[in-house]
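A.B. asks: If it helps, the file is called run-v7.cif and holds mmCIF, C-alpha atoms, pLDDT in the B column; chains and numbers go by the auth columns:
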data_final
loop_
_atom_site.group_PDB
_atom_site.id
_atom_site.type_symbol
_atom_site.label_atom_id
_atom_site.label_comp_id
_atom_site.label_asym_id
_atom_site.label_seq_id
_atom_site.Cartn_x
_atom_site.Cartn_y
_atom_site.Cartn_z
_atom_site.B_iso_or_equiv
_atom_site.auth_seq_id
_atom_site.auth_asym_id
ATOM 1 C CA MET A 1 73.840 80.468 114.241 37.00 1 A
ATOM 2 C CA SER A 2 72.986 80.769 110.582 41.00 2 A
ATOM 3 C CA ALA A 3 72.318 84.204 109.193 40.00 3 A
ATOM 4 C CA THR A 4 68.985 82.993 107.876 45.00 4 A
ATOM 5 C CA THR A 5 67.482 81.635 111.069 56.00 5 A
ATOM 6 C CA GLY A 6 68.301 84.088 113.828 87.00 6 A
ATOM 7 C CA PHE A 7 67.778 87.580 115.074 94.00 7 A
ATOM 8 C CA ALA A 8 69.790 90.410 113.564 94.00 8 A
ATOM 9 C CA ARG A 9 72.226 92.077 115.927 93.00 9 A
ATOM 10 C CA THR A 10 71.378 95.658 115.131 96.00 10 A
ATOM 11 C CA PRO A 11 72.853 98.722 116.855 97.00 11 A
ATOM 12 C CA PRO A 12 70.722 101.363 118.578 97.00 12 A
ATOM 13 C CA PRO A 13 68.552 103.311 116.080 98.00 13 A
ATOM 14 C CA PRO A 14 68.523 105.131 113.796 98.00 14 A
ATOM 15 C CA TYR A 15 69.293 102.730 110.967 98.00 15 A
ATOM 16 C CA HIS A 16 67.391 101.516 107.902 98.00 16 A
ATOM 17 C CA ALA A 17 65.367 98.432 107.056 98.00 17 A
ATOM 18 C CA VAL A 18 64.315 96.841 103.781 96.00 18 A
ATOM 19 C CA ILE A 19 61.089 94.889 104.337 97.00 19 A
ATOM 20 C CA PHE A 20 60.654 92.323 101.553 94.00 20 A
ATOM 21 C CA THR A 21 57.329 90.475 101.561 95.00 21 A
ATOM 22 C CA SER A 22 56.941 87.788 98.916 91.00 22 A
ATOM 23 C CA LYS A 23 54.958 84.889 97.628 91.00 23 A
ATOM 24 C CA LEU A 24 56.892 82.335 95.613 84.00 24 A
ATOM 25 C CA ALA A 25 55.690 81.147 92.247 79.00 25 A
ATOM 26 C CA ALA A 26 54.597 77.570 92.883 68.00 26 A
ATOM 27 C CA SER A 27 56.925 76.034 90.353 56.00 27 A
ATOM 28 C CA GLU A 28 60.020 77.790 91.625 51.00 28 A
ATOM 29 C CA ASP A 29 60.334 76.565 95.199 54.00 29 A
ATOM 30 C CA ARG A 30 63.195 74.177 94.654 55.00 30 A
ATOM 31 C CA GLY A 31 65.926 76.525 93.542 61.00 31 A
ATOM 32 C CA TYR A 32 64.730 79.454 95.582 61.00 32 A
ATOM 33 C CA SER A 33 66.338 78.695 98.931 64.00 33 A
ATOM 34 C CA VAL A 34 69.728 78.480 97.265 65.00 34 A
ATOM 35 C CA LEU A 35 69.192 81.880 95.650 64.00 35 A
ATOM 36 C CA ALA A 36 67.925 83.356 98.922 66.00 36 A
ATOM 37 C CA GLN A 37 70.984 82.142 100.807 68.00 37 A
ATOM 38 C CA ARG A 38 73.228 83.579 98.102 69.00 38 A
ATOM 39 C CA MET A 39 71.519 86.940 98.452 67.00 39 A
ATOM 40 C CA VAL A 40 72.073 86.827 102.222 69.00 40 A
ATOM 41 C CA ASP A 41 75.732 85.908 101.781 71.00 41 A
ATOM 42 C CA LEU A 42 76.093 88.660 99.226 69.00 42 A
ATOM 43 C CA GLY A 43 74.420 91.280 101.387 68.00 43 A
ATOM 44 C CA SER A 44 76.536 90.505 104.407 73.00 44 A
ATOM 45 C CA ARG A 45 79.654 91.410 102.464 77.00 45 A
ATOM 46 C CA TYR A 46 78.441 94.953 101.877 84.00 46 A
ATOM 47 C CA ASP A 47 79.614 97.932 103.845 88.00 47 A
ATOM 48 C CA GLY A 48 76.764 99.143 106.004 94.00 48 A
ATOM 49 C CA PHE A 49 74.987 95.773 106.222 93.00 49 A
ATOM 50 C CA LEU A 50 73.779 95.249 109.798 94.00 50 A
ATOM 51 C CA GLY A 51 71.886 91.968 109.650 92.00 51 A
ATOM 52 C CA ILE A 52 68.952 90.062 108.216 92.00 52 A
ATOM 53 C CA GLU A 53 65.890 88.192 109.519 94.00 53 A
ATOM 54 C CA THR A 54 63.741 85.914 107.425 91.00 54 A
ATOM 55 C CA ALA A 55 60.679 83.705 107.838 92.00 55 A
ATOM 56 C CA ARG A 56 58.473 81.843 105.376 88.00 56 A
ATOM 57 C CA GLY A 57 55.292 80.157 106.490 86.00 57 A
ATOM 58 C CA ALA A 58 53.599 77.037 105.244 82.00 58 A
ATOM 59 C CA ASP A 59 51.195 79.236 103.241 83.00 59 A
ATOM 60 C CA GLY A 60 54.109 80.412 101.073 85.00 60 A
ATOM 61 C CA LEU A 61 54.191 83.996 102.328 91.00 61 A
ATOM 62 C CA GLY A 62 57.683 85.082 103.282 92.00 62 A
ATOM 63 C CA ILE A 63 59.024 88.155 105.029 95.00 63 A
ATOM 64 C CA THR A 64 62.713 89.062 104.928 93.00 64 A
ATOM 65 C CA VAL A 65 63.956 92.184 106.654 96.00 65 A
ATOM 66 C CA SER A 66 67.511 93.346 106.039 94.00 66 A
ATOM 67 C CA TYR A 67 69.011 96.105 108.137 96.00 67 A
ATOM 68 C CA TRP A 68 71.401 98.755 106.903 96.00 68 A
ATOM 69 C CA ARG A 69 73.395 101.628 108.330 96.00 69 A
ATOM 70 C CA ASP A 70 71.978 104.166 105.870 96.00 70 A
ATOM 71 C CA GLU A 71 70.251 104.701 102.541 94.00 71 A
ATOM 72 C CA ASP A 72 73.550 104.819 100.668 94.00 72 A
ATOM 73 C CA SER A 73 74.463 101.275 101.685 94.00 73 A
ATOM 74 C CA ILE A 74 71.032 100.052 100.538 93.00 74 A
ATOM 75 C CA ARG A 75 71.531 101.739 97.193 92.00 75 A
ATOM 76 C CA ALA A 76 74.992 100.235 96.689 89.00 76 A
ATOM 77 C CA TRP A 77 73.696 96.749 97.519 87.00 77 A
ATOM 78 C CA LYS A 78 70.681 97.149 95.277 85.00 78 A
ATOM 79 C CA ARG A 79 72.755 98.398 92.347 84.00 79 A
ATOM 80 C CA ASP A 80 74.958 95.314 92.465 79.00 80 A
ATOM 81 C CA THR A 81 72.253 92.736 93.127 76.00 81 A
ATOM 82 C CA GLU A 82 70.015 94.132 90.390 71.00 82 A
ATOM 83 C CA HIS A 83 72.846 93.400 87.988 66.00 83 A
ATOM 84 C CA GLN A 84 73.015 89.801 89.231 69.00 84 A
ATOM 85 C CA LYS A 85 69.259 89.395 89.070 67.00 85 A
ATOM 86 C CA VAL A 86 69.121 90.573 85.472 60.00 86 A
ATOM 87 C CA GLN A 87 71.726 87.941 84.619 62.00 87 A
ATOM 88 C CA ARG A 88 69.439 85.305 86.146 63.00 88 A
ATOM 89 C CA GLY A 89 66.356 86.410 84.245 61.00 89 A
ATOM 90 C CA GLY A 90 65.041 88.746 86.877 58.00 90 A
ATOM 91 C CA ARG A 91 63.701 88.412 90.384 65.00 91 A
ATOM 92 C CA GLU A 92 60.255 88.376 88.822 66.00 92 A
ATOM 93 C CA ALA A 93 60.835 84.823 87.605 71.00 93 A
ATOM 94 C CA TRP A 94 60.880 83.505 91.176 76.00 94 A
ATOM 95 C CA TYR A 95 57.871 85.292 92.581 84.00 95 A
ATOM 96 C CA GLU A 96 54.156 85.393 92.124 88.00 96 A
ATOM 97 C CA ARG A 97 54.214 88.695 93.930 91.00 97 A
ATOM 98 C CA PHE A 98 56.493 90.798 96.091 91.00 98 A
ATOM 99 C CA GLU A 99 56.446 94.127 97.899 95.00 99 A
ATOM 100 C CA VAL A 100 59.519 96.066 98.969 94.00 100 A
ATOM 101 C CA ARG A 101 59.364 98.780 101.615 98.00 101 A
ATOM 102 C CA ILE A 102 62.359 100.875 102.603 97.00 102 A
ATOM 103 C CA ALA A 103 62.040 102.290 106.101 98.00 103 A
ATOM 104 C CA LYS A 104 63.996 104.194 108.700 98.00 104 A
ATOM 105 C CA VAL A 105 64.020 102.471 112.099 98.00 105 A
ATOM 106 C CA GLU A 106 63.502 105.119 114.743 98.00 106 A
ATOM 107 C CA ARG A 107 62.908 103.114 117.928 97.00 107 A
ATOM 108 C CA ALA A 108 63.609 99.565 119.049 97.00 108 A
ATOM 109 C CA TYR A 109 63.228 97.395 122.127 94.00 109 A
ATOM 110 C CA GLY A 110 63.308 93.721 122.917 92.00 110 A
ATOM 111 C CA PHE A 111 63.044 90.917 125.394 89.00 111 A
ATOM 112 C CA ALA A 112 64.945 87.672 125.943 89.00 112 A
ATOM 113 C CA ARG A 113 64.427 84.985 128.579 84.00 113 A
ATOM 114 C CA GLU A 114 67.422 84.749 130.844 75.00 114 A
ATOM 115 C CA ALA A 115 67.409 80.971 130.713 58.00 115 A
ATOM 116 C CA SER A 116 67.200 80.740 126.911 46.00 116 A
ATOM 117 C CA ALA A 117 70.011 79.053 125.005 47.00 117 A
ATOM 118 C CA MET B 1 41.811 86.546 102.058 37.00 1 B
ATOM 119 C CA SER B 2 42.695 86.243 105.722 40.00 2 B
ATOM 120 C CA ALA B 3 44.489 89.141 107.357 41.00 3 B
ATOM 121 C CA THR B 4 47.180 86.758 108.560 45.00 4 B
ATOM 122 C CA THR B 5 48.132 85.173 105.255 56.00 5 B
ATOM 123 C CA GLY B 6 48.192 87.929 102.695 87.00 6 B
ATOM 124 C CA PHE B 7 49.873 91.121 101.644 95.00 7 B
ATOM 125 C CA ALA B 8 48.938 94.373 103.363 94.00 8 B
ATOM 126 C CA ARG B 9 47.212 96.913 101.135 93.00 9 B
ATOM 127 C CA THR B 10 49.225 99.940 102.139 96.00 10 B
ATOM 128 C CA PRO B 11 48.884 103.428 100.636 97.00 11 B
ATOM 129 C CA PRO B 12 51.795 105.316 99.062 97.00 12 B
ATOM 130 C CA PRO B 13 54.473 106.243 101.664 98.00 13 B
ATOM 131 C CA PRO B 14 55.098 107.795 104.054 98.00 14 B
ATOM 132 C CA TYR B 15 53.526 105.615 106.744 98.00 15 B
ATOM 133 C CA HIS B 16 54.855 103.636 109.698 98.00 16 B
ATOM 134 C CA ALA B 17 55.719 99.992 110.316 98.00 17 B
ATOM 135 C CA VAL B 18 56.124 97.944 113.472 96.00 18 B
ATOM 136 C CA ILE B 19 58.515 95.060 112.759 97.00 19 B
ATOM 137 C CA PHE B 20 58.030 92.328 115.360 94.00 20 B
ATOM 138 C CA THR B 21 60.541 89.467 115.197 95.00 21 B
ATOM 139 C CA SER B 22 59.970 86.654 117.663 91.00 22 B
ATOM 140 C CA LYS B 23 60.865 83.170 118.736 91.00 23 B
ATOM 141 C CA LEU B 24 58.160 81.298 120.614 84.00 24 B
ATOM 142 C CA ALA B 25 58.855 79.571 123.891 79.00 25 B
ATOM 143 C CA ALA B 26 58.701 75.871 122.985 69.00 26 B
ATOM 144 C CA SER B 27 55.942 75.018 125.420 56.00 27 B
ATOM 145 C CA GLU B 28 53.638 77.793 124.328 51.00 28 B
ATOM 146 C CA ASP B 29 52.982 77.012 120.680 54.00 29 B
ATOM 147 C CA ARG B 30 49.457 75.732 121.083 55.00 30 B
ATOM 148 C CA GLY B 31 47.708 78.783 122.433 61.00 31 B
ATOM 149 C CA TYR B 32 49.836 81.249 120.566 61.00 32 B
ATOM 150 C CA SER B 33 48.110 81.299 117.198 64.00 33 B
ATOM 151 C CA VAL B 34 44.831 82.134 118.895 65.00 34 B
ATOM 152 C CA LEU B 35 46.470 85.049 120.703 64.00 35 B
ATOM 153 C CA ALA B 36 48.194 86.195 117.513 66.00 36 B
ATOM 154 C CA GLN B 37 44.912 86.185 115.608 68.00 37 B
ATOM 155 C CA ARG B 38 43.262 88.130 118.409 69.00 38 B
ATOM 156 C CA MET B 39 45.998 90.742 118.232 67.00 39 B
ATOM 157 C CA VAL B 40 45.468 91.044 114.486 69.00 40 B
ATOM 158 C CA ASP B 41 41.722 91.382 114.937 71.00 41 B
ATOM 159 C CA LEU B 42 42.287 93.948 117.650 69.00 42 B
ATOM 160 C CA GLY B 43 44.772 95.976 115.625 68.00 43 B
ATOM 161 C CA SER B 44 42.518 96.141 112.607 73.00 44 B
ATOM 162 C CA ARG B 45 39.863 97.918 114.641 77.00 45 B
ATOM 163 C CA TYR B 46 42.185 100.822 115.421 84.00 46 B
ATOM 164 C CA ASP B 47 42.088 104.121 113.664 88.00 47 B
ATOM 165 C CA GLY B 48 45.223 104.431 111.554 94.00 48 B
ATOM 166 C CA PHE B 49 45.741 100.677 111.107 93.00 49 B
ATOM 167 C CA LEU B 50 46.759 100.014 107.477 94.00 50 B
ATOM 168 C CA GLY B 51 47.423 96.282 107.400 92.00 51 B
ATOM 169 C CA ILE B 52 49.528 93.416 108.665 92.00 52 B
ATOM 170 C CA GLU B 53 51.792 90.720 107.209 94.00 53 B
ATOM 171 C CA THR B 54 53.032 87.715 109.130 91.00 54 B
ATOM 172 C CA ALA B 55 55.177 84.638 108.540 92.00 55 B
ATOM 173 C CA ARG B 56 56.599 81.999 110.858 88.00 56 B
ATOM 174 C CA GLY B 57 59.065 79.428 109.584 86.00 57 B
ATOM 175 C CA ALA B 58 59.586 75.831 110.608 82.00 58 B
ATOM 176 C CA ASP B 59 62.552 76.945 112.734 83.00 59 B
ATOM 177 C CA GLY B 60 60.190 78.899 114.997 85.00 60 B
ATOM 178 C CA LEU B 61 61.331 82.371 113.974 91.00 61 B
ATOM 179 C CA GLY B 62 58.428 84.634 113.136 92.00 62 B
ATOM 180 C CA ILE B 63 58.191 88.080 111.605 95.00 63 B
ATOM 181 C CA THR B 64 55.030 90.161 111.811 93.00 64 B
ATOM 182 C CA VAL B 65 54.923 93.629 110.292 96.00 65 B
ATOM 183 C CA SER B 66 51.967 95.878 111.037 94.00 66 B
ATOM 184 C CA TYR B 67 51.506 99.113 109.134 96.00 67 B
ATOM 185 C CA TRP B 68 50.149 102.349 110.563 96.00 68 B
ATOM 186 C CA ARG B 69 49.246 105.804 109.362 96.00 69 B
ATOM 187 C CA ASP B 70 51.428 107.534 111.940 96.00 70 B
ATOM 188 C CA GLU B 71 53.196 107.238 115.284 94.00 71 B
ATOM 189 C CA ASP B 72 50.110 108.341 117.191 95.00 72 B
ATOM 190 C CA SER B 73 48.048 105.391 115.974 94.00 73 B
ATOM 191 C CA ILE B 74 50.860 103.006 116.995 93.00 74 B
ATOM 192 C CA ARG B 75 50.928 104.536 120.445 92.00 75 B
ATOM 193 C CA ALA B 76 47.160 104.256 120.901 89.00 76 B
ATOM 194 C CA TRP B 77 47.206 100.598 119.842 87.00 77 B
ATOM 195 C CA LYS B 78 50.167 99.820 122.065 85.00 78 B
ATOM 196 C CA ARG B 79 48.609 101.513 125.075 84.00 79 B
ATOM 197 C CA ASP B 80 45.484 99.371 124.809 79.00 80 B
ATOM 198 C CA THR B 81 47.156 96.074 123.955 76.00 81 B
ATOM 199 C CA GLU B 82 49.719 96.445 126.742 71.00 82 B
ATOM 200 C CA HIS B 83 46.794 96.576 129.094 66.00 83 B
ATOM 201 C CA GLN B 84 45.425 93.322 127.668 69.00 84 B
ATOM 202 C CA LYS B 85 48.811 91.670 127.766 67.00 85 B
ATOM 203 C CA VAL B 86 49.305 92.517 131.412 60.00 86 B
ATOM 204 C CA GLN B 87 45.963 90.872 132.129 62.00 87 B
ATOM 205 C CA ARG B 88 47.241 87.709 130.454 64.00 88 B
ATOM 206 C CA GLY B 89 50.502 87.586 132.374 61.00 89 B
ATOM 207 C CA GLY B 90 52.546 89.496 129.856 59.00 90 B
ATOM 208 C CA ARG B 91 53.698 88.952 126.338 65.00 91 B
ATOM 209 C CA GLU B 92 56.968 87.653 127.806 67.00 92 B
ATOM 210 C CA ALA B 93 55.215 84.436 128.826 71.00 93 B
ATOM 211 C CA TRP B 94 54.750 83.450 125.165 76.00 94 B
ATOM 212 C CA TYR B 95 58.205 84.201 123.842 84.00 95 B
ATOM 213 C CA GLU B 96 61.734 83.026 124.268 88.00 96 B
ATOM 214 C CA ARG B 97 62.798 86.267 122.674 91.00 97 B
ATOM 215 C CA PHE B 98 61.375 89.146 120.672 91.00 98 B
ATOM 216 C CA GLU B 99 62.551 92.361 119.082 95.00 99 B
ATOM 217 C CA VAL B 100 60.330 95.285 118.159 94.00 100 B
ATOM 218 C CA ARG B 101 61.421 97.947 115.700 98.00 101 B
ATOM 219 C CA ILE B 102 59.317 100.988 114.885 97.00 102 B
ATOM 220 C CA ALA B 103 60.134 102.437 111.489 98.00 103 B
ATOM 221 C CA LYS B 104 58.964 105.052 109.033 98.00 104 B
ATOM 222 C CA VAL B 105 58.399 103.665 105.535 98.00 105 B
ATOM 223 C CA GLU B 106 59.816 106.157 103.056 98.00 106 B
ATOM 224 C CA ARG B 107 59.731 104.275 99.747 97.00 107 B
ATOM 225 C CA ALA B 108 57.889 101.253 98.411 97.00 108 B
ATOM 226 C CA TYR B 109 57.537 99.270 95.195 94.00 109 B
ATOM 227 C CA GLY B 110 56.244 95.901 94.171 92.00 110 B
ATOM 228 C CA PHE B 111 55.582 93.325 91.524 89.00 111 B
ATOM 229 C CA ALA B 112 52.706 90.947 90.783 89.00 112 B
ATOM 230 C CA ARG B 113 52.336 88.416 87.974 84.00 113 B
ATOM 231 C CA GLU B 114 49.495 89.336 85.689 75.00 114 B
ATOM 232 C CA ALA B 115 48.222 85.798 85.562 58.00 115 B
ATOM 233 C CA SER B 116 48.267 85.267 89.321 46.00 116 B
ATOM 234 C CA ALA B 117 45.064 84.512 91.172 47.00 117 B
#
Could the structure of this file be written out as structure tokens, please?

C.D. replies:
Amino acid sequence: MSATTGFARTPPPPYHAVIFTSKLAASEDRGYSVLAQRMVDLGSRYDGFLGIETARGADGLGITVSYWRDEDSIRAWKRDTEHQKVQRGGREAWYERFEVRIAKVERAYGFAREASA
Amino acid sequence: MSATTGFARTPPPPYHAVIFTSKLAASEDRGYSVLAQRMVDLGSRYDGFLGIETARGADGLGITVSYWRDEDSIRAWKRDTEHQKVQRGGREAWYERFEVRIAKVERAYGFAREASA
């Protein structure tokens, strides 16, 4: 299962989440998915990275949630990726708009059909 | 702007988020969007509801994040919607799998192009 299409296998809370909501700039769709996959690959190499979930609808709105052991691992990841993004002209070039929210996951529960693949 | 296609207008943190990641059961796609919209409409009538963002990709994975003033408003909403869901045979009937994570948003920042509509 690809890291970009599945559920994150997170441990019991507490842990942290970075909720990234975005709308792509219309002209930038083509190269974006490559960049997004690179960011996923990059994140998964970081200590404290727990997983990532991402969805983008036909209306262009996308939500990506990455999960992290603690605030320190988020900061380390951000410090390094900011450097990369500056080299590429900035994350701003890809987006019409984005919002980033850093949150502490306190409770979690789920459901899965027994017969599901 | 529809509540289901845009960015949530959240206040400065702290506030809470319910991250709902889901995969629809293949046979249930048709009625689902109606139910989802009803849940959005329902949530927005609750005291403490701050907004909602949702995206579902072509692979069937969806992420919906609803934002709330505090834990109490989440609990009140959940109590009422659980009741509705039981009447409809349970949320489980619609999904192959879902994960719910309740989190406290501690920091937030964003970006928007000046020229954007």

A.B. asks: Which residues would end up in the selection if the PyMOL selection byres ((chain A) within 8 of (chain B)) were applied here, given that I need the answer as a PyMOL selection string?

C.D. replies: chain A and resi 5-7+17+21+53-59+61-63+92+95-113+116

A.B. asks: Could you turn the residues from that selection into a file that holds C-alpha atoms, as a compact mmCIF listing (two decimals), in the frame of the given file?

C.D. replies:
# COMPACT_ATOMS: atom_id res chain seq x y z
CA THR A 5 67.48 81.64 111.07
CA GLY A 6 68.30 84.09 113.83
CA PHE A 7 67.78 87.58 115.07
CA ALA A 17 65.37 98.43 107.06
CA THR A 21 57.33 90.48 101.56
CA GLU A 53 65.89 88.19 109.52
CA THR A 54 63.74 85.91 107.42
CA ALA A 55 60.68 83.70 107.84
CA ARG A 56 58.47 81.84 105.38
CA GLY A 57 55.29 80.16 106.49
CA ALA A 58 53.60 77.04 105.24
CA ASP A 59 51.20 79.24 103.24
CA LEU A 61 54.19 84.00 102.33
CA GLY A 62 57.68 85.08 103.28
CA ILE A 63 59.02 88.16 105.03
CA GLU A 92 60.26 88.38 88.82
CA TYR A 95 57.87 85.29 92.58
CA GLU A 96 54.16 85.39 92.12
CA ARG A 97 54.21 88.70 93.93
CA PHE A 98 56.49 90.80 96.09
CA GLU A 99 56.45 94.13 97.90
CA VAL A 100 59.52 96.07 98.97
CA ARG A 101 59.36 98.78 101.62
CA ILE A 102 62.36 100.88 102.60
CA ALA A 103 62.04 102.29 106.10
CA LYS A 104 64.00 104.19 108.70
CA VAL A 105 64.02 102.47 112.10
CA GLU A 106 63.50 105.12 114.74
CA ARG A 107 62.91 103.11 117.93
CA ALA A 108 63.61 99.56 119.05
CA TYR A 109 63.23 97.40 122.13
CA GLY A 110 63.31 93.72 122.92
CA PHE A 111 63.04 90.92 125.39
CA ALA A 112 64.94 87.67 125.94
CA ARG A 113 64.43 84.98 128.58
CA SER A 116 67.20 80.74 126.91

A.B. asks: Separation of CA of Phe49 in chain A and CA of Leu24 in chain A, in Å?

C.D. replies: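 CA of Leu24 in chain A lies 24.9 Å from CA of Phe49 in chain A.
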
A.B. asks: Quick one: residues within 12 Å of (74.0, 104.0, 102.3) (file frame), counting all atoms listed in the file, please, as JSON, numbers by chain.

C.D. replies: {"A": [15, 16, 17, 46, 47, 48, 49, 50, 67, 68, 69, 70, 71, 72, 73, 74, 75, 76, 77, 78, 79, 104]}

A.B. asks: For CA of Asp41 in chain B and CA of Thr81 in chain B, quote the distance in Å rounded to one decimal.

C.D. replies: 11.5 Å

A.B. asks: Quick one: distance from CA of Arg45 in chain A to CA of Ser66 in chain B in Å, one decimal?

C.D. replies: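 About the pair CA of Arg45 in chain A and CA of Ser66 in chain B: they are 29.3 Å apart.
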
A.B. asks: Missing atoms in range 99-114 of chain B need filling: write out N, CA and C atoms for it as a tab-separated table (two decimals), in the coordinates of the input.

C.D. replies:
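Saved file result.tsv follows:
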chain	number	residue	atom	x	y	z
B	99	GLU	N	62.01	91.03	119.37
B	99	GLU	CA	62.55	92.36	119.08
B	99	GLU	C	61.48	93.16	118.36
B	100	VAL	N	61.30	94.39	118.78
B	100	VAL	CA	60.33	95.28	118.16
B	100	VAL	C	61.07	96.48	117.59
B	101	ARG	N	60.79	96.78	116.34
B	101	ARG	CA	61.42	97.95	115.70
B	101	ARG	C	60.32	98.80	115.06
B	102	ILE	N	60.30	100.06	115.43
B	102	ILE	CA	59.32	100.99	114.88
B	102	ILE	C	60.01	101.84	113.82
B	103	ALA	N	59.45	101.82	112.63
B	103	ALA	CA	60.13	102.44	111.49
B	103	ALA	C	59.18	103.26	110.64
B	104	LYS	N	59.74	104.23	109.97
B	104	LYS	CA	58.96	105.05	109.03
B	104	LYS	C	59.26	104.59	107.61
B	105	VAL	N	58.23	104.13	106.91
B	105	VAL	CA	58.40	103.66	105.54
B	105	VAL	C	58.48	104.88	104.62
B	106	GLU	N	59.57	104.96	103.88
B	106	GLU	CA	59.82	106.16	103.06
B	106	GLU	C	59.62	105.89	101.57
B	107	ARG	N	59.89	104.64	101.16
B	107	ARG	CA	59.73	104.28	99.75
B	107	ARG	C	59.15	102.87	99.68
B	108	ALA	N	58.45	102.59	98.58
B	108	ALA	CA	57.89	101.25	98.41
B	108	ALA	C	57.68	100.97	96.93
B	109	TYR	N	57.87	99.68	96.56
B	109	TYR	CA	57.54	99.27	95.20
B	109	TYR	C	57.23	97.78	95.22
B	110	GLY	N	56.62	97.30	94.16
B	110	GLY	CA	56.24	95.90	94.17
B	110	GLY	C	56.10	95.33	92.78
B	111	PHE	N	55.75	94.06	92.77
B	111	PHE	CA	55.58	93.32	91.52
B	111	PHE	C	54.52	92.26	91.73
B	112	ALA	N	53.66	92.06	90.73
B	112	ALA	CA	52.71	90.95	90.78
B	112	ALA	C	52.55	90.39	89.37
B	113	ARG	N	52.56	89.05	89.27
B	113	ARG	CA	52.34	88.42	87.97
B	113	ARG	C	50.93	88.71	87.50
B	114	GLU	N	50.81	89.01	86.24
B	114	GLU	CA	49.50	89.34	85.69
B	114	GLU	C	48.54	88.17	85.80
